[in-house]
Structures are given as C-alpha cells and as structure tokens.
file my_file_13.cif (mmCIF, C-alpha atoms and all ligand atoms)
data_final
loop_
_atom_site.label_atom_id
_atom_site.label_comp_id
_atom_site.auth_asym_id
_atom_site.auth_seq_id
_atom_site.Cartn_x
_atom_site.Cartn_y
_atom_site.Cartn_z
CA MET A 1 -17.27 5.40 -1.38
CA LEU A 2 -14.01 3.70 -0.36
CA ILE A 3 -10.63 3.40 -2.06
CA ASP A 4 -8.57 0.23 -1.64
CA THR A 5 -5.06 1.71 -1.55
CA HIS A 6 -3.19 -1.59 -1.77
CA THR A 7 -4.16 -4.56 -3.96
CA HIS A 8 -2.25 -7.19 -5.95
CA LEU A 9 -4.98 -7.85 -8.51
CA TYR A 10 -2.64 -9.76 -10.83
CA TYR A 11 -2.69 -12.87 -8.61
CA ASP A 12 -4.48 -15.86 -10.13
CA SER A 13 -7.34 -15.75 -7.60
CA MET A 14 -8.43 -12.38 -9.03
CA LYS A 15 -6.80 -11.90 -12.43
CA ASP A 16 -8.97 -14.37 -14.32
CA ARG A 17 -12.23 -12.98 -12.95
CA ILE A 18 -11.24 -9.36 -12.61
CA GLU A 19 -14.57 -7.98 -13.83
CA ASP A 20 -16.38 -9.95 -11.15
CA VAL A 21 -13.87 -8.78 -8.51
CA ILE A 22 -14.48 -5.15 -9.51
CA LEU A 23 -18.24 -5.61 -9.53
CA GLN A 24 -18.30 -7.20 -6.07
CA ALA A 25 -16.07 -4.40 -4.79
CA LYS A 26 -18.46 -1.85 -6.26
CA ASP A 27 -21.43 -3.56 -4.58
CA ASN A 28 -19.63 -3.00 -1.27
CA GLY A 29 -18.85 0.65 -1.95
CA ILE A 30 -15.22 0.24 -3.06
CA LEU A 31 -15.02 2.33 -6.21
CA GLN A 32 -11.30 2.76 -6.79
CA MET A 33 -8.29 0.50 -6.31
CA ILE A 34 -4.53 0.89 -6.49
CA CYS A 35 -2.76 -2.14 -7.96
CA ILE A 36 0.70 -2.45 -6.43
CA GLY A 37 3.73 -3.91 -8.23
CA THR A 38 6.38 -5.95 -6.44
CA ASP A 39 8.83 -6.60 -9.27
CA LEU A 40 9.22 -5.58 -12.92
CA LYS A 41 6.81 -8.20 -14.25
CA SER A 42 4.00 -7.50 -11.78
CA SER A 43 4.50 -3.75 -12.21
CA GLU A 44 3.89 -4.21 -15.91
CA GLU A 45 0.77 -6.27 -15.12
CA CYS A 46 -0.52 -3.52 -12.82
CA ILE A 47 -0.24 -1.02 -15.67
CA LYS A 48 -2.09 -3.36 -18.05
CA ILE A 49 -4.96 -3.76 -15.59
CA ALA A 50 -5.05 -0.03 -14.90
CA GLU A 51 -5.15 0.74 -18.61
CA ASN A 52 -8.15 -1.58 -18.99
CA PHE A 53 -10.23 -0.31 -16.08
CA GLU A 54 -10.89 3.33 -15.42
CA ASN A 55 -11.19 2.96 -11.63
CA ILE A 56 -7.90 1.09 -11.18
CA TYR A 57 -4.51 2.80 -10.83
CA ALA A 58 -1.03 1.30 -10.78
CA THR A 59 2.27 1.56 -8.95
CA VAL A 60 5.62 0.24 -10.12
CA GLY A 61 8.36 -0.92 -7.79
CA ILE A 62 10.54 -3.64 -6.33
CA HIS A 63 9.46 -5.31 -3.07
CA PRO A 64 12.22 -5.96 -0.49
CA HIS A 65 11.80 -9.72 -1.04
CA ASP A 66 12.61 -9.25 -4.72
CA SER A 67 15.40 -6.74 -4.30
CA ASN A 68 18.15 -9.36 -4.62
CA ASP A 69 16.91 -10.47 -8.04
CA VAL A 70 16.71 -7.16 -9.87
CA PRO A 71 18.57 -6.80 -13.16
CA LEU A 72 21.36 -4.21 -13.30
CA ASN A 73 19.22 -1.77 -15.28
CA TYR A 74 16.11 -2.12 -13.09
CA LEU A 75 15.92 1.60 -12.30
CA HIS A 76 15.82 2.43 -15.97
CA GLU A 77 13.13 -0.22 -16.49
CA LEU A 78 11.06 1.23 -13.65
CA PHE A 79 11.53 4.71 -15.06
CA GLN A 80 10.28 3.55 -18.46
CA LEU A 81 7.29 1.78 -16.91
CA ALA A 82 6.40 4.84 -14.80
CA LYS A 83 6.58 7.03 -17.88
CA SER A 84 4.57 4.62 -20.04
CA SER A 85 1.16 5.34 -18.48
CA LYS A 86 -0.68 8.20 -16.83
CA LYS A 87 -2.26 5.62 -14.53
CA VAL A 88 1.03 5.11 -12.63
CA VAL A 89 0.48 7.02 -9.39
CA ALA A 90 3.37 5.96 -7.14
CA ILE A 91 6.61 4.01 -6.79
CA GLY A 92 6.11 0.88 -4.68
CA GLU A 93 6.03 -1.27 -2.98
CA ILE A 94 9.54 -0.61 -1.80
CA GLY A 95 10.80 -1.17 1.73
CA ILE A 96 12.51 -3.45 4.23
CA ASP A 97 11.42 -6.86 5.53
CA HIS A 98 13.41 -8.35 8.41
CA PHE A 99 10.70 -10.85 9.26
CA ARG A 100 11.47 -13.07 6.31
CA ASN A 101 14.76 -11.51 5.16
CA LEU A 102 14.47 -13.03 1.70
CA SER A 103 17.05 -10.59 0.38
CA PRO A 104 20.29 -9.56 2.16
CA GLN A 105 19.89 -6.51 4.42
CA LYS A 106 22.39 -4.35 2.58
CA ILE A 107 20.67 -4.97 -0.74
CA GLN A 108 17.22 -4.25 0.68
CA ASN A 109 18.45 -0.88 1.95
CA LYS A 110 20.22 -0.02 -1.30
CA VAL A 111 17.23 -0.90 -3.49
CA MET A 112 14.83 1.02 -1.26
CA ILE A 113 16.97 4.17 -1.33
CA GLU A 114 17.56 3.97 -5.08
CA GLN A 115 13.81 3.73 -5.68
CA MET A 116 13.18 6.67 -3.35
CA GLU A 117 15.54 8.72 -5.51
CA LEU A 118 13.71 7.59 -8.64
CA ALA A 119 10.35 8.53 -7.12
CA TYR A 120 11.72 11.91 -6.15
CA ASP A 121 12.98 12.58 -9.67
CA LEU A 122 9.64 11.48 -11.13
CA SER A 123 7.69 13.63 -8.62
CA LEU A 124 5.81 10.52 -7.50
CA PRO A 125 4.96 9.45 -3.94
CA ILE A 126 6.29 6.19 -2.46
CA VAL A 127 4.42 3.26 -0.92
CA PHE A 128 6.59 1.32 1.50
CA HIS A 129 6.46 -2.08 3.20
CA ASN A 130 7.91 -2.45 6.70
CA ARG A 131 8.13 -5.70 8.58
CA ASP A 132 10.17 -5.75 11.80
CA ALA A 133 12.31 -2.91 10.48
CA ASP A 134 10.99 0.21 12.25
CA SER A 135 14.33 1.78 13.15
CA GLU A 136 16.01 1.10 9.81
CA ILE A 137 13.06 2.36 7.79
CA TYR A 138 12.92 5.45 9.96
CA GLU A 139 16.60 6.25 9.36
CA ILE A 140 16.16 5.84 5.61
CA LEU A 141 13.04 8.03 5.52
CA LYS A 142 14.70 10.69 7.65
CA ASN A 143 17.83 10.83 5.53
CA ASN A 144 16.38 10.67 2.01
CA SER A 145 14.03 13.01 0.20
CA PHE A 146 10.49 12.07 -0.74
CA HIS A 147 7.46 13.99 -1.93
CA ARG A 148 4.87 11.92 -0.07
CA ALA A 149 5.14 8.50 1.59
CA LEU A 150 2.63 5.86 2.64
CA ALA A 151 3.33 3.26 5.35
CA HIS A 152 1.40 0.31 3.94
CA CYS A 153 -0.07 -2.38 6.24
CA PHE A 154 0.96 -0.54 9.37
CA SER A 155 1.49 -3.02 12.19
CA SER A 156 3.77 -1.16 14.61
CA ASN A 157 2.79 0.71 17.76
CA LEU A 158 1.55 4.22 18.47
CA SER A 159 4.94 5.77 19.20
CA PHE A 160 6.25 4.66 15.79
CA ALA A 161 3.08 5.91 14.09
CA LYS A 162 3.67 9.30 15.68
CA LYS A 163 7.30 9.36 14.51
CA LEU A 164 6.13 8.67 10.95
CA CYS A 165 3.38 11.28 11.14
CA ASP A 166 5.96 13.81 12.29
CA LEU A 167 7.77 13.18 8.99
CA GLY A 168 4.47 13.86 7.21
CA ILE A 169 3.96 10.19 6.34
CA LEU A 170 0.48 8.78 5.77
CA ILE A 171 -0.41 5.49 7.54
CA SER A 172 -2.40 2.67 5.93
CA PHE A 173 -4.31 0.09 7.96
CA SER A 174 -5.17 -3.36 6.61
CA GLY A 175 -7.31 -6.33 7.67
CA ASN A 176 -4.97 -6.99 10.56
CA ILE A 177 -6.92 -4.39 12.59
CA THR A 178 -9.75 -6.97 12.71
CA PHE A 179 -7.53 -9.65 14.30
CA LYS A 180 -7.86 -10.43 17.99
CA ASN A 181 -4.14 -9.99 18.70
CA ALA A 182 -3.81 -6.72 16.71
CA SER A 183 -0.86 -4.61 17.86
CA ASN A 184 -1.92 -1.46 16.05
CA HIS A 185 -5.24 -0.53 17.70
CA ASP A 186 -3.69 2.17 19.89
CA ALA A 187 -2.20 3.81 16.79
CA LEU A 188 -5.50 3.70 14.89
CA MET A 189 -7.39 5.15 17.83
CA ALA A 190 -4.90 7.97 18.42
CA LEU A 191 -4.37 9.14 14.84
CA THR A 192 -6.59 11.86 13.46
CA LEU A 193 -8.91 11.10 10.56
CA ASN A 194 -6.62 12.87 8.12
CA GLN A 195 -3.59 10.75 9.01
CA PHE A 196 -4.61 7.36 7.62
CA VAL A 197 -6.08 5.40 4.71
CA LEU A 198 -7.30 1.80 4.32
CA GLU A 199 -6.22 -1.19 2.24
CA THR A 200 -6.88 -4.90 1.82
CA ASP A 201 -3.39 -6.02 0.60
CA CYS A 202 -5.38 -8.68 -1.29
CA PRO A 203 -5.01 -11.59 -1.91
CA PHE A 204 -3.19 -11.64 1.46
CA LEU A 205 -4.40 -10.84 4.96
CA ALA A 206 -8.18 -11.30 4.65
CA PRO A 207 -9.99 -9.66 7.58
CA HIS A 208 -11.84 -11.58 10.27
CA PRO A 209 -14.07 -13.68 9.78
CA PHE A 210 -12.40 -14.56 6.46
CA ARG A 211 -8.89 -14.80 7.92
CA GLY A 212 -6.85 -17.43 6.06
CA GLU A 213 -9.01 -17.23 2.94
CA LYS A 214 -8.17 -15.37 -0.25
CA ASN A 215 -8.65 -11.65 0.29
CA GLU A 216 -10.38 -9.31 -2.18
CA PRO A 217 -11.13 -5.57 -2.44
CA LYS A 218 -14.78 -6.19 -1.44
CA TYR A 219 -13.62 -6.94 2.12
CA LEU A 220 -12.37 -3.37 2.53
CA LYS A 221 -15.80 -2.52 3.89
CA ILE A 222 -15.21 -4.85 6.87
CA ILE A 223 -11.92 -3.09 7.56
CA ALA A 224 -13.61 0.32 7.32
CA GLN A 225 -16.31 -0.81 9.74
CA LYS A 226 -13.68 -1.94 12.25
CA ALA A 227 -11.81 1.36 11.85
CA ALA A 228 -15.04 3.26 12.50
CA GLU A 229 -15.76 1.18 15.61
CA LEU A 230 -12.23 1.65 17.01
CA HIS A 231 -12.22 5.34 16.23
CA GLY A 232 -15.69 5.88 17.62
CA VAL A 233 -17.04 7.53 14.47
CA SER A 234 -19.56 6.55 11.82
CA LEU A 235 -18.69 4.45 8.78
CA ASP A 236 -19.62 7.48 6.69
CA GLU A 237 -17.03 9.58 8.38
CA ILE A 238 -14.31 6.96 7.90
CA GLU A 239 -15.27 6.73 4.21
CA ILE A 240 -15.23 10.48 3.64
CA HIS A 241 -11.86 11.02 5.31
CA THR A 242 -9.92 7.97 4.11
CA THR A 243 -11.16 8.50 0.55
CA ARG A 244 -10.17 12.14 0.59
CA ASN A 245 -6.74 11.25 2.07
CA ALA A 246 -6.16 8.60 -0.60
CA LYS A 247 -7.22 10.93 -3.42
CA THR A 248 -4.87 13.63 -2.22
CA PHE A 249 -2.00 11.22 -1.68
CA PHE A 250 -2.23 9.49 -5.07
CA ASN A 251 -3.42 12.65 -6.84
CA LEU A 252 -6.46 10.80 -8.26
ZN ZN B 1 3.74 -5.38 1.73
ZN ZN B 2 1.63 -5.57 -0.96
#
call {"tool": "encode", "arguments": {"input": "my_file_13.cif", "output": "structure tokens"}}
result
Amino acid sequence: MLIDTHTHLYYDSMKDRIEDVILQAKDNGILQMICIGTDLKSSEECIKIAENFENIYATVGIHPHDSNDVPLNYLHELFQLAKSSKKVVAIGEIGIDHFRNLSPQKIQNKVMIEQMELAYDLSLPIVFHNRDADSEIYEILKNNSFHRALAHCFSSNLSFAKKLCDLGILISFSGNITFKNASNHDALMALTLNQFVLETDCPFLAPHPFRGEKNEPKYLKIIAQKAAELHGVSLDEIEIHTTRNAKTFFNL
C-alpha cells in the first residue's frame, strides 16, 4: 500500500471524476491521499473532498504564489478551516518560490513564517514548497519553531537534503525522480528509508513516460518503482517504509 502525500484533487481534470480517480489509484495500490490547499478557496475544497472520502485527508494553507493576494484576516480563516474538520492533517502548502516569484519576496517570507506560527499553535505539521530558495527556506526553518516539516517535491542536491534531515525534516520525492535530467538522485540514494516519502503533486509533474500529461495519484506506483530501483531495494520495502513515514508524519 502507498500513500500519495501531495495531491491537488480539486483541479478540473480530477474533481469531476473523483470516484474514478480514487478507484484507479486503488487498483495501483495507492490507498490514501493527502489533498493539499494552496489558497483559502482550494483549502476549503480539500476539506470537502476529505469529508466525502474516508481515505483522503486535507491540508489548509497559502502557497507562495498566492501569498500576495491573501485577505488581512487570512490567518483567522485558516485557523477556522483547520478547526472545522478532523481530516485536516497539516498546514500547507506554504513556502518560497524564487523560480517564478509571483509574489514579492518579503511577502512570501512573511506569509510562510506566519503560517508556521499558526501550525505550531495548532500542533500541526507543515508541508512546504521550495523552488530555487534553499538558503532562505533553511534560514526560516532554522529560526522558527515547527512540530514536524515536510519538504515537498524535493529537487535540490544531497548536501541540502542532509541539512534538512539534520533539522529533523522529512523529504518528499515526486515524479521528477523519473526524469532523465533529475538533480535529486544522489539525495534519494543517500537518504535512509525512514527519511523520505513519495508524492505525485498531481495534476502537475506526471512521471516518465507520461511527462507533460495530466498527472494522477495512480502514477505514484511508477514513482515508487523508480525510488526502489535507485535505492536498490524492493518495491515492497519502499512501500512499507514510505507508508509508515507518511502515517507517522500526518498522524493518520
Ligand atoms: Zn509545490
Ligand atoms: Zn502542490
């Protein structure tokens, strides 16, 4: 059994046929999914989906791209959403994105830190997004409290993975480990089996040979197979460890 730790199931490609998406995932051994919010509206949608399906859990949070557009009372809104359902298992995705820089740097930092404080007060873990922002993210994580943290869609190198692991942070690998030009293979190979989990980040980032198409939770199996191959262990072993890590992290 596998757990997809990062999905955006509220996108049109999946929302309207969600039962089929869940069934196809199940056929491929993916039995639980975390639906990740990126703004207030999608966070609310995650909760709705999680309330409807037993094997789906939700997070609530503001993505760095959306951090410039939050209303003044967004922290209160997130707090209310987090408190509204037992299926909310983390705050996220929060973080920093310097690749696209859709929100000003200062605001991205502020909104990330404020949400870390909220997560801390709520005793929830955080799921963070990091694109071209290794050093800034590291400073923020080092200087602010968190219960548990997950580095979603890890795409940095081994030395950064080690720095995060030293802070007790869990790493999540996505379909990009199946790409030819993957920059994160050394990290995946060097980490121990209790230091990482797996995700699709669907509908984005479909693994090879579906790259460029719409991604879905069912493709997590391809990612798990690649992780097993790189790590030199059986698929079974990858399943057992990543599932256990995800269950512990999200307290499922
Ligand atoms: Zn992300
Ligand atoms: Zn995401």
call {"tool": "residues_near_ligand", "arguments": {"input": "my_file_13.cif", "ligand": "ligand ZN 1 (chain B)", "cutoff": "7 Å", "atoms": "all atoms listed in the file", "output": "JSON, numbers by chain"}}
result
{"A": [93, 129, 152, 153]}
call {"tool": "atom_distance", "arguments": {"input": "my_file_13.cif", "atom1": "atom CA of Lys142 of chain A", "atom2": "atom CA of Ile62 of chain A"}}
result
20.4 Å
call {"tool": "closest_residue", "arguments": {"input": "my_file_13.cif", "among": "A:Pro104, A:Gly95, A:Gly175, A:Gly37", "to": "Pro207 of chain A", "atoms": "all atoms listed in the file"}}
result
A:Gly175
call {"tool": "closest_atom_pairs", "arguments": {"input": "my_file_13.cif", "of": "chain A", "to": "ligand ZN 2 (chain B)", "cutoff": "10 Å", "atoms": "all atoms listed in the file", "output": "JSON lines"}}
result
{"residue": "A:Thr5", "atom": "CA", "partner": "B:ZN2", "partner_atom": "ZN", "distance": 9.9}
{"residue": "A:His6", "atom": "CA", "partner": "B:ZN2", "partner_atom": "ZN", "distance": 6.3}
{"residue": "A:Thr7", "atom": "CA", "partner": "B:ZN2", "partner_atom": "ZN", "distance": 6.6}
{"residue": "A:His8", "atom": "CA", "partner": "B:ZN2", "partner_atom": "ZN", "distance": 6.5}
{"residue": "A:Cys35", "atom": "CA", "partner": "B:ZN2", "partner_atom": "ZN", "distance": 8.9}
{"residue": "A:Ile36", "atom": "CA", "partner": "B:ZN2", "partner_atom": "ZN", "distance": 6.4}
{"residue": "A:Gly37", "atom": "CA", "partner": "B:ZN2", "partner_atom": "ZN", "distance": 7.7}
{"residue": "A:Thr38", "atom": "CA", "partner": "B:ZN2", "partner_atom": "ZN", "distance": 7.3}
{"residue": "A:His63", "atom": "CA", "partner": "B:ZN2", "partner_atom": "ZN", "distance": 8.1}
{"residue": "A:Gly92", "atom": "CA", "partner": "B:ZN2", "partner_atom": "ZN", "distance": 8.7}
{"residue": "A:Glu93", "atom": "CA", "partner": "B:ZN2", "partner_atom": "ZN", "distance": 6.5}
{"residue": "A:Ile94", "atom": "CA", "partner": "B:ZN2", "partner_atom": "ZN", "distance": 9.4}
{"residue": "A:Val127", "atom": "CA", "partner": "B:ZN2", "partner_atom": "ZN", "distance": 9.3}
{"residue": "A:Phe128", "atom": "CA", "partner": "B:ZN2", "partner_atom": "ZN", "distance": 8.8}
{"residue": "A:His129", "atom": "CA", "partner": "B:ZN2", "partner_atom": "ZN", "distance": 7.3}
{"residue": "A:His152", "atom": "CA", "partner": "B:ZN2", "partner_atom": "ZN", "distance": 7.7}
{"residue": "A:Cys153", "atom": "CA", "partner": "B:ZN2", "partner_atom": "ZN", "distance": 8.1}
{"residue": "A:Glu199", "atom": "CA", "partner": "B:ZN2", "partner_atom": "ZN", "distance": 9.5}
{"residue": "A:Thr200", "atom": "CA", "partner": "B:ZN2", "partner_atom": "ZN", "distance": 9.0}
{"residue": "A:Asp201", "atom": "CA", "partner": "B:ZN2", "partner_atom": "ZN", "distance": 5.3}
{"residue": "A:Cys202", "atom": "CA", "partner": "B:ZN2", "partner_atom": "ZN", "distance": 7.7}
{"residue": "A:Pro203", "atom": "CA", "partner": "B:ZN2", "partner_atom": "ZN", "distance": 9.0}
{"residue": "A:Phe204", "atom": "CA", "partner": "B:ZN2", "partner_atom": "ZN", "distance": 8.1}
{"residue": "A:Leu205", "atom": "CA", "partner": "B:ZN2", "partner_atom": "ZN", "distance": 10.0}
call {"tool": "closest_atom_pairs", "arguments": {"input": "my_file_13.cif", "of": "segment 52-140 of chain A", "to": "segment 12-28 of chain A", "cutoff": "12 Å", "atoms": "all atoms listed in the file", "output": "Markdown table"}}
result
| residue | atom | partner | partner_atom | distance |
| --- | --- | --- | --- | --- |
| A:Asn52 | CA | A:Glu19 | CA | 10.4 |
| A:Phe53 | CA | A:Glu19 | CA | 9.1 |
| A:Glu54 | CA | A:Ile22 | CA | 10.9 |
| A:Asn55 | CA | A:Ile22 | CA | 9.0 |
| A:Ile56 | CA | A:Ile22 | CA | 9.2 |
call {"tool": "atom_distance", "arguments": {"input": "my_file_13.cif", "atom1": "atom CA of Phe146 of chain A", "atom2": "atom CA of Phe250 of chain A"}}
result
13.7 Å
call {"tool": "atom_distance", "arguments": {"input": "my_file_13.cif", "atom1": "atom CA of Gly212 of chain A", "atom2": "atom CA of His98 of chain A"}}
result
22.3 Å
call {"tool": "decode", "arguments": {"input": "my_file_13.cif", "residues": "segment 39-80 of chain A", "atoms": "N, CA and C atoms", "output": "PDB file, in the first residue's frame"}}
result
ATOM      1  N   ASP A  39      -4.650  28.024  -1.412  1.00  0.00           N
ATOM      2  CA  ASP A  39      -5.230  29.311  -1.008  1.00  0.00           C
ATOM      3  C   ASP A  39      -6.481  28.991  -0.177  1.00  0.00           C
ATOM      4  N   LEU A  40      -7.224  30.002   0.226  1.00  0.00           N
ATOM      5  CA  LEU A  40      -8.370  29.734   1.103  1.00  0.00           C
ATOM      6  C   LEU A  40      -9.420  28.876   0.403  1.00  0.00           C
ATOM      7  N   LYS A  41      -9.688  29.210  -0.865  1.00  0.00           N
ATOM      8  CA  LYS A  41     -10.744  28.507  -1.593  1.00  0.00           C
ATOM      9  C   LYS A  41     -10.380  27.022  -1.795  1.00  0.00           C
ATOM     10  N   SER A  42      -9.160  26.764  -2.253  1.00  0.00           N
ATOM     11  CA  SER A  42      -8.780  25.367  -2.501  1.00  0.00           C
ATOM     12  C   SER A  42      -8.650  24.596  -1.173  1.00  0.00           C
ATOM     13  N   SER A  43      -8.261  25.286  -0.114  1.00  0.00           N
ATOM     14  CA  SER A  43      -8.183  24.621   1.190  1.00  0.00           C
ATOM     15  C   SER A  43      -9.565  24.133   1.612  1.00  0.00           C
ATOM     16  N   GLU A  44     -10.557  24.988   1.363  1.00  0.00           N
ATOM     17  CA  GLU A  44     -11.931  24.616   1.674  1.00  0.00           C
ATOM     18  C   GLU A  44     -12.364  23.412   0.826  1.00  0.00           C
ATOM     19  N   GLU A  45     -11.952  23.418  -0.452  1.00  0.00           N
ATOM     20  CA  GLU A  45     -12.297  22.303  -1.339  1.00  0.00           C
ATOM     21  C   GLU A  45     -11.633  21.002  -0.874  1.00  0.00           C
ATOM     22  N   CYS A  46     -10.406  21.108  -0.408  1.00  0.00           N
ATOM     23  CA  CYS A  46      -9.709  19.917   0.111  1.00  0.00           C
ATOM     24  C   CYS A  46     -10.510  19.294   1.250  1.00  0.00           C
ATOM     25  N   ILE A  47     -10.995  20.153   2.151  1.00  0.00           N
ATOM     26  CA  ILE A  47     -11.753  19.654   3.304  1.00  0.00           C
ATOM     27  C   ILE A  47     -13.032  18.960   2.836  1.00  0.00           C
ATOM     28  N   LYS A  48     -13.707  19.577   1.855  1.00  0.00           N
ATOM     29  CA  LYS A  48     -14.943  18.974   1.332  1.00  0.00           C
ATOM     30  C   LYS A  48     -14.673  17.578   0.791  1.00  0.00           C
ATOM     31  N   ILE A  49     -13.615  17.457  -0.006  1.00  0.00           N
ATOM     32  CA  ILE A  49     -13.277  16.150  -0.591  1.00  0.00           C
ATOM     33  C   ILE A  49     -12.930  15.157   0.523  1.00  0.00           C
ATOM     34  N   ALA A  50     -12.149  15.622   1.488  1.00  0.00           N
ATOM     35  CA  ALA A  50     -11.733  14.734   2.582  1.00  0.00           C
ATOM     36  C   ALA A  50     -12.927  14.291   3.430  1.00  0.00           C
ATOM     37  N   GLU A  51     -13.901  15.166   3.568  1.00  0.00           N
ATOM     38  CA  GLU A  51     -15.093  14.797   4.336  1.00  0.00           C
ATOM     39  C   GLU A  51     -15.927  13.751   3.600  1.00  0.00           C
ATOM     40  N   ASN A  52     -15.820  13.746   2.271  1.00  0.00           N
ATOM     41  CA  ASN A  52     -16.610  12.810   1.460  1.00  0.00           C
ATOM     42  C   ASN A  52     -15.962  11.443   1.290  1.00  0.00           C
ATOM     43  N   PHE A  53     -14.647  11.388   1.412  1.00  0.00           N
ATOM     44  CA  PHE A  53     -13.951  10.118   1.156  1.00  0.00           C
ATOM     45  C   PHE A  53     -13.028   9.778   2.331  1.00  0.00           C
ATOM     46  N   GLU A  54     -13.262   8.618   2.865  1.00  0.00           N
ATOM     47  CA  GLU A  54     -12.575   8.210   4.088  1.00  0.00           C
ATOM     48  C   GLU A  54     -11.052   8.198   3.927  1.00  0.00           C
ATOM     49  N   ASN A  55     -10.564   7.811   2.735  1.00  0.00           N
ATOM     50  CA  ASN A  55      -9.119   7.629   2.553  1.00  0.00           C
ATOM     51  C   ASN A  55      -8.408   8.886   2.059  1.00  0.00           C
ATOM     52  N   ILE A  56      -9.119  10.028   2.090  1.00  0.00           N
ATOM     53  CA  ILE A  56      -8.489  11.287   1.681  1.00  0.00           C
ATOM     54  C   ILE A  56      -8.440  12.245   2.875  1.00  0.00           C
ATOM     55  N   TYR A  57      -7.280  12.884   3.043  1.00  0.00           N
ATOM     56  CA  TYR A  57      -7.071  13.848   4.119  1.00  0.00           C
ATOM     57  C   TYR A  57      -6.757  15.209   3.492  1.00  0.00           C
ATOM     58  N   ALA A  58      -6.841  16.254   4.298  1.00  0.00           N
ATOM     59  CA  ALA A  58      -6.696  17.606   3.752  1.00  0.00           C
ATOM     60  C   ALA A  58      -5.621  18.406   4.484  1.00  0.00           C
ATOM     61  N   THR A  59      -5.054  19.381   3.767  1.00  0.00           N
ATOM     62  CA  THR A  59      -4.243  20.406   4.418  1.00  0.00           C
ATOM     63  C   THR A  59      -4.843  21.758   4.057  1.00  0.00           C
ATOM     64  N   VAL A  60      -4.561  22.757   4.868  1.00  0.00           N
ATOM     65  CA  VAL A  60      -5.007  24.107   4.539  1.00  0.00           C
ATOM     66  C   VAL A  60      -3.793  25.025   4.594  1.00  0.00           C
ATOM     67  N   GLY A  61      -3.697  25.916   3.604  1.00  0.00           N
ATOM     68  CA  GLY A  61      -2.541  26.806   3.594  1.00  0.00           C
ATOM     69  C   GLY A  61      -2.498  27.690   2.369  1.00  0.00           C
ATOM     70  N   ILE A  62      -1.551  28.646   2.422  1.00  0.00           N
ATOM     71  CA  ILE A  62      -1.373  29.600   1.324  1.00  0.00           C
ATOM     72  C   ILE A  62      -0.028  29.324   0.646  1.00  0.00           C
ATOM     73  N   HIS A  63      -0.080  29.027  -0.642  1.00  0.00           N
ATOM     74  CA  HIS A  63       1.106  28.782  -1.464  1.00  0.00           C
ATOM     75  C   HIS A  63       1.859  30.101  -1.651  1.00  0.00           C
ATOM     76  N   PRO A  64       3.199  30.040  -1.786  1.00  0.00           N
ATOM     77  CA  PRO A  64       3.940  31.299  -2.005  1.00  0.00           C
ATOM     78  C   PRO A  64       3.408  32.121  -3.185  1.00  0.00           C
ATOM     79  N   HIS A  65       2.970  31.475  -4.253  1.00  0.00           N
ATOM     80  CA  HIS A  65       2.426  32.226  -5.397  1.00  0.00           C
ATOM     81  C   HIS A  65       1.220  33.068  -5.000  1.00  0.00           C
ATOM     82  N   ASP A  66       0.468  32.570  -4.036  1.00  0.00           N
ATOM     83  CA  ASP A  66      -0.791  33.230  -3.650  1.00  0.00           C
ATOM     84  C   ASP A  66      -0.631  34.150  -2.448  1.00  0.00           C
ATOM     85  N   SER A  67       0.600  34.252  -1.947  1.00  0.00           N
ATOM     86  CA  SER A  67       0.770  34.962  -0.673  1.00  0.00           C
ATOM     87  C   SER A  67       0.500  36.458  -0.792  1.00  0.00           C
ATOM     88  N   ASN A  68       0.624  37.012  -1.994  1.00  0.00           N
ATOM     89  CA  ASN A  68       0.377  38.448  -2.162  1.00  0.00           C
ATOM     90  C   ASN A  68      -1.113  38.783  -2.165  1.00  0.00           C
ATOM     91  N   ASP A  69      -1.946  37.777  -2.364  1.00  0.00           N
ATOM     92  CA  ASP A  69      -3.388  38.035  -2.529  1.00  0.00           C
ATOM     93  C   ASP A  69      -4.214  37.687  -1.301  1.00  0.00           C
ATOM     94  N   VAL A  70      -3.556  37.371  -0.191  1.00  0.00           N
ATOM     95  CA  VAL A  70      -4.362  36.940   0.962  1.00  0.00           C
ATOM     96  C   VAL A  70      -5.109  38.109   1.583  1.00  0.00           C
ATOM     97  N   PRO A  71      -6.332  37.855   2.069  1.00  0.00           N
ATOM     98  CA  PRO A  71      -7.035  38.915   2.797  1.00  0.00           C
ATOM     99  C   PRO A  71      -6.359  39.160   4.145  1.00  0.00           C
ATOM    100  N   LEU A  72      -6.633  40.315   4.744  1.00  0.00           N
ATOM    101  CA  LEU A  72      -5.984  40.676   6.003  1.00  0.00           C
ATOM    102  C   LEU A  72      -6.191  39.631   7.094  1.00  0.00           C
ATOM    103  N   ASN A  73      -7.370  39.024   7.103  1.00  0.00           N
ATOM    104  CA  ASN A  73      -7.701  38.079   8.181  1.00  0.00           C
ATOM    105  C   ASN A  73      -7.416  36.623   7.791  1.00  0.00           C
ATOM    106  N   TYR A  74      -6.494  36.410   6.848  1.00  0.00           N
ATOM    107  CA  TYR A  74      -6.321  35.044   6.318  1.00  0.00           C
ATOM    108  C   TYR A  74      -5.913  34.034   7.389  1.00  0.00           C
ATOM    109  N   LEU A  75      -5.153  34.487   8.384  1.00  0.00           N
ATOM    110  CA  LEU A  75      -4.713  33.530   9.413  1.00  0.00           C
ATOM    111  C   LEU A  75      -5.902  33.039  10.238  1.00  0.00           C
ATOM    112  N   HIS A  76      -6.810  33.946  10.498  1.00  0.00           N
ATOM    113  CA  HIS A  76      -8.011  33.564  11.221  1.00  0.00           C
ATOM    114  C   HIS A  76      -8.848  32.581  10.380  1.00  0.00           C
ATOM    115  N   GLU A  77      -8.937  32.883   9.085  1.00  0.00           N
ATOM    116  CA  GLU A  77      -9.686  31.991   8.178  1.00  0.00           C
ATOM    117  C   GLU A  77      -9.047  30.594   8.153  1.00  0.00           C
ATOM    118  N   LEU A  78      -7.736  30.552   8.076  1.00  0.00           N
ATOM    119  CA  LEU A  78      -7.040  29.249   8.060  1.00  0.00           C
ATOM    120  C   LEU A  78      -7.268  28.506   9.368  1.00  0.00           C
ATOM    121  N   PHE A  79      -7.214  29.263  10.454  1.00  0.00           N
ATOM    122  CA  PHE A  79      -7.447  28.680  11.772  1.00  0.00           C
ATOM    123  C   PHE A  79      -8.838  28.042  11.823  1.00  0.00           C
ATOM    124  N   GLN A  80      -9.829  28.783  11.345  1.00  0.00           N
ATOM    125  CA  GLN A  80     -11.210  28.274  11.351  1.00  0.00           C
ATOM    126  C   GLN A  80     -11.328  27.016  10.492  1.00  0.00           C
TER     127      GLN A  80
END
